[in-house]
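One file, upload-v6.pdb, is given below (PDB, C-alpha atoms).
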```pdb
ATOM      1  CA  MET A   1      -3.368   2.675  29.832  1.00  0.00           C
ATOM      2  CA  ARG A   2      -2.551  -0.776  28.461  1.00  0.00           C
ATOM      3  CA  ARG A   3      -6.034  -1.033  27.005  1.00  0.00           C
ATOM      4  CA  ILE A   4      -5.818   2.403  25.347  1.00  0.00           C
ATOM      5  CA  VAL A   5      -2.568   1.713  23.442  1.00  0.00           C
ATOM      6  CA  PRO A   6      -3.828  -1.393  21.556  1.00  0.00           C
ATOM      7  CA  THR A   7      -7.016   0.510  20.655  1.00  0.00           C
ATOM      8  CA  ILE A   8      -4.981   3.364  19.160  1.00  0.00           C
ATOM      9  CA  LEU A   9      -2.848   0.897  17.211  1.00  0.00           C
ATOM     10  CA  VAL A  10      -5.932  -0.779  15.761  1.00  0.00           C
ATOM     11  CA  LEU A  11      -7.324   2.599  14.665  1.00  0.00           C
ATOM     12  CA  LEU A  12      -4.045   3.580  13.022  1.00  0.00           C
ATOM     13  CA  LEU A  13      -3.744   0.269  11.200  1.00  0.00           C
ATOM     14  CA  SER A  14      -7.314   0.602   9.922  1.00  0.00           C
ATOM     15  CA  LEU A  15      -6.495   3.911   8.200  1.00  0.00           C
ATOM     16  CA  SER A  16      -5.583   3.862   4.526  1.00  0.00           C
ATOM     17  CA  PRO A  17      -2.087   5.056   3.491  1.00  0.00           C
ATOM     18  CA  ALA A  18      -3.674   8.125   1.890  1.00  0.00           C
ATOM     19  CA  ALA A  19      -5.363   9.018   5.174  1.00  0.00           C
ATOM     20  CA  LEU A  20      -2.096   8.649   7.078  1.00  0.00           C
ATOM     21  CA  GLN A  21      -0.266  10.829   4.555  1.00  0.00           C
ATOM     22  CA  GLY A  22      -2.857  13.617   4.717  1.00  0.00           C
ATOM     23  CA  GLN A  23      -2.425  15.942   1.758  1.00  0.00           C
ATOM     24  CA  ALA A  24       0.992  14.642   0.744  1.00  0.00           C
ATOM     25  CA  PRO A  25       0.930  13.276  -2.799  1.00  0.00           C
ATOM     26  CA  GLY A  26       1.730   9.590  -3.163  1.00  0.00           C
ATOM     27  CA  PRO A  27       3.558   7.833  -5.984  1.00  0.00           C
ATOM     28  CA  GLY A  28       2.030   7.774  -9.443  1.00  0.00           C
ATOM     29  CA  VAL A  29      -0.359   4.923 -10.204  1.00  0.00           C
ATOM     30  CA  PRO A  30       1.457   2.472 -12.553  1.00  0.00           C
ATOM     31  CA  ASP A  31      -1.492   2.001 -14.955  1.00  0.00           C
ATOM     32  CA  PHE A  32      -2.173   5.730 -15.318  1.00  0.00           C
ATOM     33  CA  VAL A  33      -2.134   6.655 -19.019  1.00  0.00           C
ATOM     34  CA  LEU A  34      -0.100   9.750 -19.869  1.00  0.00           C
ATOM     35  CA  SER A  35      -1.657  12.588 -21.887  1.00  0.00           C
ATOM     36  CA  PRO A  36      -0.396  15.836 -23.454  1.00  0.00           C
ATOM     37  CA  GLY A  37      -0.191  18.532 -20.799  1.00  0.00           C
ATOM     38  CA  ASP A  38       0.805  16.092 -18.043  1.00  0.00           C
ATOM     39  CA  ARG A  39       4.282  16.093 -16.563  1.00  0.00           C
ATOM     40  CA  LEU A  40       6.629  13.477 -15.147  1.00  0.00           C
ATOM     41  CA  ARG A  41       8.884  13.635 -12.125  1.00  0.00           C
ATOM     42  CA  ILE A  42      11.738  11.342 -13.091  1.00  0.00           C
ATOM     43  CA  SER A  43      14.476  10.153 -10.792  1.00  0.00           C
ATOM     44  CA  VAL A  44      17.476   8.266 -12.188  1.00  0.00           C
ATOM     45  CA  TRP A  45      20.158   6.516 -10.172  1.00  0.00           C
ATOM     46  CA  PRO A  46      23.181   6.498 -10.201  1.00  0.00           C
ATOM     47  CA  ASP A  47      23.251   9.673 -12.343  1.00  0.00           C
ATOM     48  CA  SER A  48      21.043  12.238 -10.615  1.00  0.00           C
ATOM     49  CA  THR A  49      21.790  14.831 -13.313  1.00  0.00           C
ATOM     50  CA  LEU A  50      19.299  12.941 -15.495  1.00  0.00           C
ATOM     51  CA  SER A  51      16.517  13.508 -12.952  1.00  0.00           C
ATOM     52  CA  GLY A  52      13.984  16.318 -13.107  1.00  0.00           C
ATOM     53  CA  VAL A  53      10.430  17.338 -13.989  1.00  0.00           C
ATOM     54  CA  PHE A  54       9.601  17.015 -17.676  1.00  0.00           C
ATOM     55  CA  PRO A  55       6.383  18.061 -19.464  1.00  0.00           C
ATOM     56  CA  VAL A  56       4.525  15.931 -21.976  1.00  0.00           C
ATOM     57  CA  GLU A  57       4.163  18.283 -24.922  1.00  0.00           C
ATOM     58  CA  GLU A  58       1.040  18.706 -27.037  1.00  0.00           C
ATOM     59  CA  SER A  59       2.682  16.457 -29.618  1.00  0.00           C
ATOM     60  CA  GLY A  60       2.779  13.704 -27.005  1.00  0.00           C
ATOM     61  CA  MET A  61       6.577  13.808 -26.874  1.00  0.00           C
ATOM     62  CA  ILE A  62       8.796  14.294 -23.850  1.00  0.00           C
ATOM     63  CA  HIS A  63      12.399  15.486 -24.115  1.00  0.00           C
ATOM     64  CA  LEU A  64      14.877  13.872 -21.753  1.00  0.00           C
ATOM     65  CA  PRO A  65      18.609  14.318 -21.201  1.00  0.00           C
ATOM     66  CA  LEU A  66      20.679  11.538 -22.760  1.00  0.00           C
ATOM     67  CA  LEU A  67      17.628   9.825 -24.315  1.00  0.00           C
ATOM     68  CA  GLY A  68      16.330  12.769 -26.327  1.00  0.00           C
ATOM     69  CA  ALA A  69      12.720  12.878 -27.542  1.00  0.00           C
ATOM     70  CA  ARG A  70      10.456   9.998 -26.519  1.00  0.00           C
ATOM     71  CA  GLU A  71       6.765   9.494 -27.196  1.00  0.00           C
ATOM     72  CA  ALA A  72       4.986   9.379 -23.831  1.00  0.00           C
ATOM     73  CA  ALA A  73       1.303  10.124 -24.506  1.00  0.00           C
ATOM     74  CA  GLY A  74      -0.891   7.044 -24.592  1.00  0.00           C
ATOM     75  CA  LYS A  75       1.519   4.947 -22.512  1.00  0.00           C
ATOM     76  CA  THR A  76       1.082   3.838 -18.919  1.00  0.00           C
ATOM     77  CA  VAL A  77       3.510   5.001 -16.249  1.00  0.00           C
ATOM     78  CA  ALA A  78       4.719   1.423 -15.744  1.00  0.00           C
ATOM     79  CA  ALA A  79       5.344   0.813 -19.445  1.00  0.00           C
ATOM     80  CA  PHE A  80       7.128   4.135 -19.925  1.00  0.00           C
ATOM     81  CA  ARG A  81       9.300   3.541 -16.881  1.00  0.00           C
ATOM     82  CA  GLU A  82      10.471   0.220 -18.321  1.00  0.00           C
ATOM     83  CA  GLU A  83      11.169   1.910 -21.654  1.00  0.00           C
ATOM     84  CA  LEU A  84      13.303   4.548 -19.965  1.00  0.00           C
ATOM     85  CA  ARG A  85      15.105   2.001 -17.825  1.00  0.00           C
ATOM     86  CA  ALA A  86      16.033   0.043 -20.942  1.00  0.00           C
ATOM     87  CA  GLY A  87      17.200   3.236 -22.640  1.00  0.00           C
ATOM     88  CA  TYR A  88      19.374   4.358 -19.736  1.00  0.00           C
ATOM     89  CA  ALA A  89      20.793   0.824 -19.404  1.00  0.00           C
ATOM     90  CA  GLU A  90      22.649   1.375 -22.678  1.00  0.00           C
ATOM     91  CA  ASP A  91      24.848   3.976 -20.957  1.00  0.00           C
ATOM     92  CA  LEU A  92      24.456   3.255 -17.216  1.00  0.00           C
ATOM     93  CA  GLN A  93      25.066   0.087 -15.259  1.00  0.00           C
ATOM     94  CA  LEU A  94      21.905  -1.260 -13.624  1.00  0.00           C
ATOM     95  CA  PRO A  95      20.019   2.061 -13.594  1.00  0.00           C
ATOM     96  CA  VAL A  96      17.140   2.572 -11.187  1.00  0.00           C
ATOM     97  CA  VAL A  97      14.369   4.728 -12.659  1.00  0.00           C
ATOM     98  CA  SER A  98      11.315   6.018 -10.788  1.00  0.00           C
ATOM     99  CA  LEU A  99       8.457   7.999 -12.313  1.00  0.00           C
ATOM    100  CA  GLU A 100       5.639  10.024 -10.825  1.00  0.00           C
ATOM    101  CA  ALA A 101       2.943  11.363 -13.132  1.00  0.00           C
ATOM    102  CA  GLU A 102       1.235  14.669 -12.411  1.00  0.00           C
ATOM    103  CA  PHE A 103      -1.632  16.454 -14.158  1.00  0.00           C
ATOM    104  CA  ARG A 104      -3.580  19.678 -13.804  1.00  0.00           C
ATOM    105  CA  VAL A 105      -7.057  20.025 -12.341  1.00  0.00           C
ATOM    106  CA  SER A 106      -8.943  23.091 -11.153  1.00  0.00           C
ATOM    107  CA  VAL A 107     -11.461  23.934  -8.464  1.00  0.00           C
ATOM    108  CA  LEU A 108     -13.585  27.094  -8.468  1.00  0.00           C
ATOM    109  CA  GLY A 109     -16.390  28.620  -6.465  1.00  0.00           C
ATOM    110  CA  ALA A 110     -17.076  28.363  -2.737  1.00  0.00           C
ATOM    111  CA  VAL A 111     -13.727  26.988  -1.562  1.00  0.00           C
ATOM    112  CA  ARG A 112     -11.108  28.871   0.425  1.00  0.00           C
ATOM    113  CA  ALA A 113      -8.304  28.682  -2.157  1.00  0.00           C
ATOM    114  CA  PRO A 114      -9.708  28.244  -5.684  1.00  0.00           C
ATOM    115  CA  GLY A 115      -7.237  27.712  -8.495  1.00  0.00           C
ATOM    116  CA  VAL A 116      -5.346  25.247 -10.669  1.00  0.00           C
ATOM    117  CA  TYR A 117      -3.455  22.443  -8.949  1.00  0.00           C
ATOM    118  CA  TRP A 118      -0.956  19.829 -10.016  1.00  0.00           C
ATOM    119  CA  VAL A 119      -1.959  16.455  -8.573  1.00  0.00           C
ATOM    120  CA  ASN A 120      -0.994  12.836  -9.112  1.00  0.00           C
ATOM    121  CA  PRO A 121      -3.243   9.873 -10.001  1.00  0.00           C
ATOM    122  CA  THR A 122      -3.741   8.904  -6.352  1.00  0.00           C
ATOM    123  CA  TYR A 123      -5.765  12.083  -5.739  1.00  0.00           C
ATOM    124  CA  GLY A 124      -9.530  12.022  -5.355  1.00  0.00           C
ATOM    125  CA  VAL A 125     -12.199  14.711  -5.174  1.00  0.00           C
ATOM    126  CA  PHE A 126     -11.851  15.144  -1.408  1.00  0.00           C
ATOM    127  CA  ASP A 127      -8.058  15.420  -1.711  1.00  0.00           C
ATOM    128  CA  LEU A 128      -8.468  18.276  -4.196  1.00  0.00           C
ATOM    129  CA  LEU A 129     -11.063  20.034  -2.057  1.00  0.00           C
ATOM    130  CA  SER A 130      -8.688  19.714   0.882  1.00  0.00           C
ATOM    131  CA  ARG A 131      -5.831  21.209  -1.166  1.00  0.00           C
ATOM    132  CA  ALA A 132      -8.175  24.091  -1.965  1.00  0.00           C
ATOM    133  CA  GLY A 133      -8.673  24.791   1.750  1.00  0.00           C
ATOM    134  CA  GLY A 134     -12.067  23.131   2.122  1.00  0.00           C
ATOM    135  CA  PHE A 135     -15.551  24.516   1.685  1.00  0.00           C
ATOM    136  CA  GLN A 136     -16.589  28.036   2.499  1.00  0.00           C
ATOM    137  CA  ALA A 137     -19.502  28.390   4.892  1.00  0.00           C
ATOM    138  CA  ASN A 138     -21.908  29.199   2.052  1.00  0.00           C
ATOM    139  CA  ALA A 139     -20.946  26.245  -0.176  1.00  0.00           C
ATOM    140  CA  LYS A 140     -23.641  24.040  -1.646  1.00  0.00           C
ATOM    141  CA  GLU A 141     -21.810  20.782  -0.939  1.00  0.00           C
ATOM    142  CA  ASP A 142     -24.510  18.612  -2.513  1.00  0.00           C
ATOM    143  CA  GLN A 143     -24.442  20.452  -5.857  1.00  0.00           C
ATOM    144  CA  ILE A 144     -20.767  20.298  -6.895  1.00  0.00           C
ATOM    145  CA  VAL A 145     -20.333  20.181 -10.667  1.00  0.00           C
ATOM    146  CA  MET A 146     -17.455  18.201 -12.198  1.00  0.00           C
ATOM    147  CA  THR A 147     -16.609  18.811 -15.853  1.00  0.00           C
ATOM    148  CA  ARG A 148     -14.158  16.481 -17.584  1.00  0.00           C
ATOM    149  CA  ALA A 149     -11.879  17.097 -20.544  1.00  0.00           C
ATOM    150  CA  GLY A 150     -14.028  14.896 -22.754  1.00  0.00           C
ATOM    151  CA  GLY A 151     -17.068  17.099 -22.158  1.00  0.00           C
ATOM    152  CA  GLU A 152     -18.840  14.910 -19.587  1.00  0.00           C
ATOM    153  CA  SER A 153     -20.503  16.745 -16.732  1.00  0.00           C
ATOM    154  CA  TYR A 154     -21.504  15.365 -13.338  1.00  0.00           C
ATOM    155  CA  ARG A 155     -23.289  16.746 -10.302  1.00  0.00           C
ATOM    156  CA  ILE A 156     -21.723  15.469  -7.113  1.00  0.00           C
ATOM    157  CA  ASP A 157     -23.144  15.218  -3.635  1.00  0.00           C
ATOM    158  CA  ALA A 158     -20.040  15.608  -1.437  1.00  0.00           C
ATOM    159  CA  GLU A 159     -21.543  13.393   1.241  1.00  0.00           C
ATOM    160  CA  ARG A 160     -22.093  10.525  -1.183  1.00  0.00           C
ATOM    161  CA  LEU A 161     -19.264  11.378  -3.578  1.00  0.00           C
ATOM    162  CA  GLN A 162     -21.134  10.164  -6.636  1.00  0.00           C
ATOM    163  CA  ASP A 163     -23.016  11.552  -9.598  1.00  0.00           C
ATOM    164  CA  ALA A 164     -26.439  12.611  -8.328  1.00  0.00           C
ATOM    165  CA  ARG A 165     -28.124  11.402 -11.526  1.00  0.00           C
ATOM    166  CA  SER A 166     -26.547   8.039 -12.278  1.00  0.00           C
ATOM    167  CA  GLY A 167     -24.954   7.126  -8.952  1.00  0.00           C
ATOM    168  CA  GLU A 168     -21.576   6.664 -10.701  1.00  0.00           C
ATOM    169  CA  SER A 169     -18.703   6.739  -8.231  1.00  0.00           C
ATOM    170  CA  LEU A 170     -16.258   9.614  -8.780  1.00  0.00           C
ATOM    171  CA  LEU A 171     -13.483   8.769  -6.354  1.00  0.00           C
ATOM    172  CA  THR A 172     -10.547   9.553  -8.626  1.00  0.00           C
ATOM    173  CA  LEU A 173      -9.553  12.574 -10.690  1.00  0.00           C
ATOM    174  CA  ARG A 174      -8.498  12.709 -14.327  1.00  0.00           C
ATOM    175  CA  SER A 175      -6.330  15.106 -16.262  1.00  0.00           C
ATOM    176  CA  GLY A 176      -8.223  18.320 -17.000  1.00  0.00           C
ATOM    177  CA  ASP A 177     -11.020  17.807 -14.453  1.00  0.00           C
ATOM    178  CA  ARG A 178     -12.700  20.960 -13.169  1.00  0.00           C
ATOM    179  CA  LEU A 179     -14.755  21.193  -9.979  1.00  0.00           C
ATOM    180  CA  VAL A 180     -17.173  24.053  -9.394  1.00  0.00           C
ATOM    181  CA  VAL A 181     -18.621  24.413  -5.895  1.00  0.00           C
ATOM    182  CA  PRO A 182     -21.725  26.632  -6.081  1.00  0.00           C
ATOM    183  CA  GLU A 183     -22.282  29.395  -3.562  1.00  0.00           C
ATOM    184  CA  GLY A 184     -25.607  30.166  -2.004  1.00  0.00           C
ATOM    185  CA  GLY A 185     -25.810  29.099   1.596  1.00  0.00           C
ATOM    186  CA  TRP A 186     -25.624  32.568   3.108  1.00  0.00           C
ATOM    187  CA  TRP A 187     -27.899  34.024   0.451  1.00  0.00           C
ATOM    188  CA  ASP A 188     -30.493  31.332   1.116  1.00  0.00           C
ATOM    189  CA  TRP A 189     -30.373  32.139   4.843  1.00  0.00           C
ATOM    190  CA  ARG A 190     -30.769  35.821   4.140  1.00  0.00           C
ATOM    191  CA  VAL A 191     -33.801  35.120   1.992  1.00  0.00           C
ATOM    192  CA  PHE A 192     -35.194  32.856   4.714  1.00  0.00           C
ATOM    193  CA  LEU A 193     -34.680  35.501   7.414  1.00  0.00           C
ATOM    194  CA  GLN A 194     -36.143  38.186   5.183  1.00  0.00           C
ATOM    195  CA  SER A 195     -39.168  35.942   4.613  1.00  0.00           C
ATOM    196  CA  LEU A 196     -39.601  35.452   8.363  1.00  0.00           C
ATOM    197  CA  THR A 197     -39.359  39.194   8.938  1.00  0.00           C
ATOM    198  CA  LEU A 198     -41.922  39.869   6.236  1.00  0.00           C
ATOM    199  CA  ALA A 199     -44.241  37.198   7.648  1.00  0.00           C
ATOM    200  CA  ALA A 200     -43.914  38.641  11.160  1.00  0.00           C
ATOM    201  CA  THR A 201     -44.712  42.090   9.818  1.00  0.00           C
ATOM    202  CA  VAL A 202     -47.796  40.798   8.029  1.00  0.00           C
ATOM    203  CA  VAL A 203     -48.956  38.954  11.145  1.00  0.00           C
ATOM    204  CA  GLY A 204     -48.394  42.088  13.270  1.00  0.00           C
ATOM    205  CA  ILE A 205     -50.492  44.168  10.899  1.00  0.00           C
ATOM    206  CA  ALA A 206     -53.245  41.551  10.884  1.00  0.00           C
ATOM    207  CA  VAL A 207     -53.346  41.388  14.687  1.00  0.00           C
ATOM    208  CA  ARG A 208     -53.800  45.136  14.905  1.00  0.00           C
TER     209      ARG A 208
END
```
Could I get this file's structure written as structure tokens?
Amino acid sequence: MRRIVPTILVLLLSLSPAALQGQAPGPGVPDFVLSPGDRLRISVWPDSTLSGVFPVEESGMIHLPLLGAREAAGKTVAAFREELRAGYAEDLQLPVVSLEAEFRVSVLGAVRAPGVYWVNPTYGVFDLLSRAGGFQANAKEDQIVMTRAGGESYRIDAERLQDARSGESLLTLRSGDRLVVPEGGWWDWRVFLQSLTLAATVVGIAVR
């Protein structure tokens, strides 16, 4: 028993924080650049009435209680947090401000719960697929297509988690990303079984 406990501790310590948290979103990445359509979860202490979830409008502006309209698009989470802290410091004593950025991505096709999801910058492709319930039995896991807001398109092998053409790593998600998981597994098996049946029939006729 004494040998088992240290082994378990080593395994737990070797896991990344994301793995230990499972599907729970982590804090926003400080150097994530905000874009229109994103939203911010803002927490302000000592005045919690200033906290809330605020969208970044298409104009790039965000409207906050006490501070009014502020330009957020194009700024990193860390830089915008410092800007807000300085703004709140004019009315509050030693304010503590925390920000978590969130953006929308979508996943379609052969997953159990396709749809649009709000995620934060710590999310990767596997995190999104997990949120969507995982693959269906007929999913073509090596032919996932990722389309990005800028128009780029990638084909991902889920086992390698990289673009099948260039080998570019695609570990993280960006605002507006869309994953499409093609179907076809069960259809391919049906075709295969139908082919075997047809071949057996032909062989049977030939033997006669």
For this session: Would you write out, as a ChimeraX atom specification, every residue that the PyMOL selection byres ((chain A and resi 131-148) around 7) captures in this file?
Result: /A:23,110-114,127-130,149-158,176-186
Exercise. Hey, what's within 10 Å of Ala79 of chain A if we count only C-alpha atoms and toss same-chain stuff fewer than 6 positions away? As a PyMOL selection string, please?
Worked result: chain A and resi 30-33+72+85
Please dump the current selection as a JSON list (two decimals), keeping the file's coordinate frame; keep C-alpha atoms.
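New file again24.json:
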```
[["chain", "number", "residue", "atom", "x", "y", "z"],
["A", 30, "PRO", "CA", 1.46, 2.47, -12.55],
["A", 31, "ASP", "CA", -1.49, 2.00, -14.96],
["A", 32, "PHE", "CA", -2.17, 5.73, -15.32],
["A", 33, "VAL", "CA", -2.13, 6.66, -19.02],
["A", 72, "ALA", "CA", 4.99, 9.38, -23.83],
["A", 85, "ARG", "CA", 15.10, 2.00, -17.82]]
```
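Atom CA of Ala101 of chain A lies 7.1 Å from atom CA of Pro121 of chain A.
When atom CA of Ala73 of chain A is paired with atom CA of Val119 of chain A, their separation reads 17.5 Å.
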Taking all listed atoms of segment 51-56 of chain A, build the axis-aligned box, pad each of the six sides by 4 Å, then write its centre and edge lengths in Å to one decimal as JSON.
```
{"center_x": 10.5, "center_y": 15.8, "center_z": -17.5, "size_x": 20.0, "size_y": 12.6, "size_z": 17.0}
```
For this session: Choose the residue, out of A:Trp45, A:Tyr88, A:Phe54, A:Tyr117, that has the smallest atom-to-atom separation from Leu66 of chain A; count only C-alpha atoms.
Result: A:Tyr88
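In this structure, atom CA of Trp118 of chain A sits 6.5 Å away from atom CA of Val105 of chain A.
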Exercise. Applied to the shown file, which residues does the PyMOL selection byres ((chain A and resi 58) around 10) return, written as a count of residues only?
Worked result: 12
Problem set entry | Residues near Leu92 of chain A, cut-off 12 Å, only C-alpha atoms, skip fewer than 3 positions along chain, as a list in words | Val44, Trp45, Pro46, Asp47, Ser48, Leu50, Leu66, Leu67, Leu84, Arg85, Ala86, Gly87, Tyr88, Ala89, Pro95, Val96 and Val97 of chain A
How would the residues just picked look written out with C-alpha atoms as a PDB file, in the frame of the given file?
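The resulting part-v5.pdb:
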```pdb
ATOM      1  CA  VAL A  44      17.476   8.266 -12.188  1.00  0.00           C
ATOM      2  CA  TRP A  45      20.158   6.516 -10.172  1.00  0.00           C
ATOM      3  CA  PRO A  46      23.181   6.498 -10.201  1.00  0.00           C
ATOM      4  CA  ASP A  47      23.251   9.673 -12.343  1.00  0.00           C
ATOM      5  CA  SER A  48      21.043  12.238 -10.615  1.00  0.00           C
ATOM      6  CA  LEU A  50      19.299  12.941 -15.495  1.00  0.00           C
ATOM      7  CA  LEU A  66      20.679  11.538 -22.760  1.00  0.00           C
ATOM      8  CA  LEU A  67      17.628   9.825 -24.315  1.00  0.00           C
ATOM      9  CA  LEU A  84      13.303   4.548 -19.965  1.00  0.00           C
ATOM     10  CA  ARG A  85      15.105   2.001 -17.825  1.00  0.00           C
ATOM     11  CA  ALA A  86      16.033   0.043 -20.942  1.00  0.00           C
ATOM     12  CA  GLY A  87      17.200   3.236 -22.640  1.00  0.00           C
ATOM     13  CA  TYR A  88      19.374   4.358 -19.736  1.00  0.00           C
ATOM     14  CA  ALA A  89      20.793   0.824 -19.404  1.00  0.00           C
ATOM     15  CA  PRO A  95      20.019   2.061 -13.594  1.00  0.00           C
ATOM     16  CA  VAL A  96      17.140   2.572 -11.187  1.00  0.00           C
ATOM     17  CA  VAL A  97      14.369   4.728 -12.659  1.00  0.00           C
TER      18      VAL A  97
END
```
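With distances restricted to only C-alpha atoms, A:Glu102 is the closest residue to Tyr123 of chain A from A:Glu71, A:Glu102, A:Glu83, A:Glu159.
Proximity of A:Thr49, A:Leu40, A:Gly109, A:Val125 to Phe80 of chain A, computed with all atoms listed in the file, is greatest for A:Leu40.
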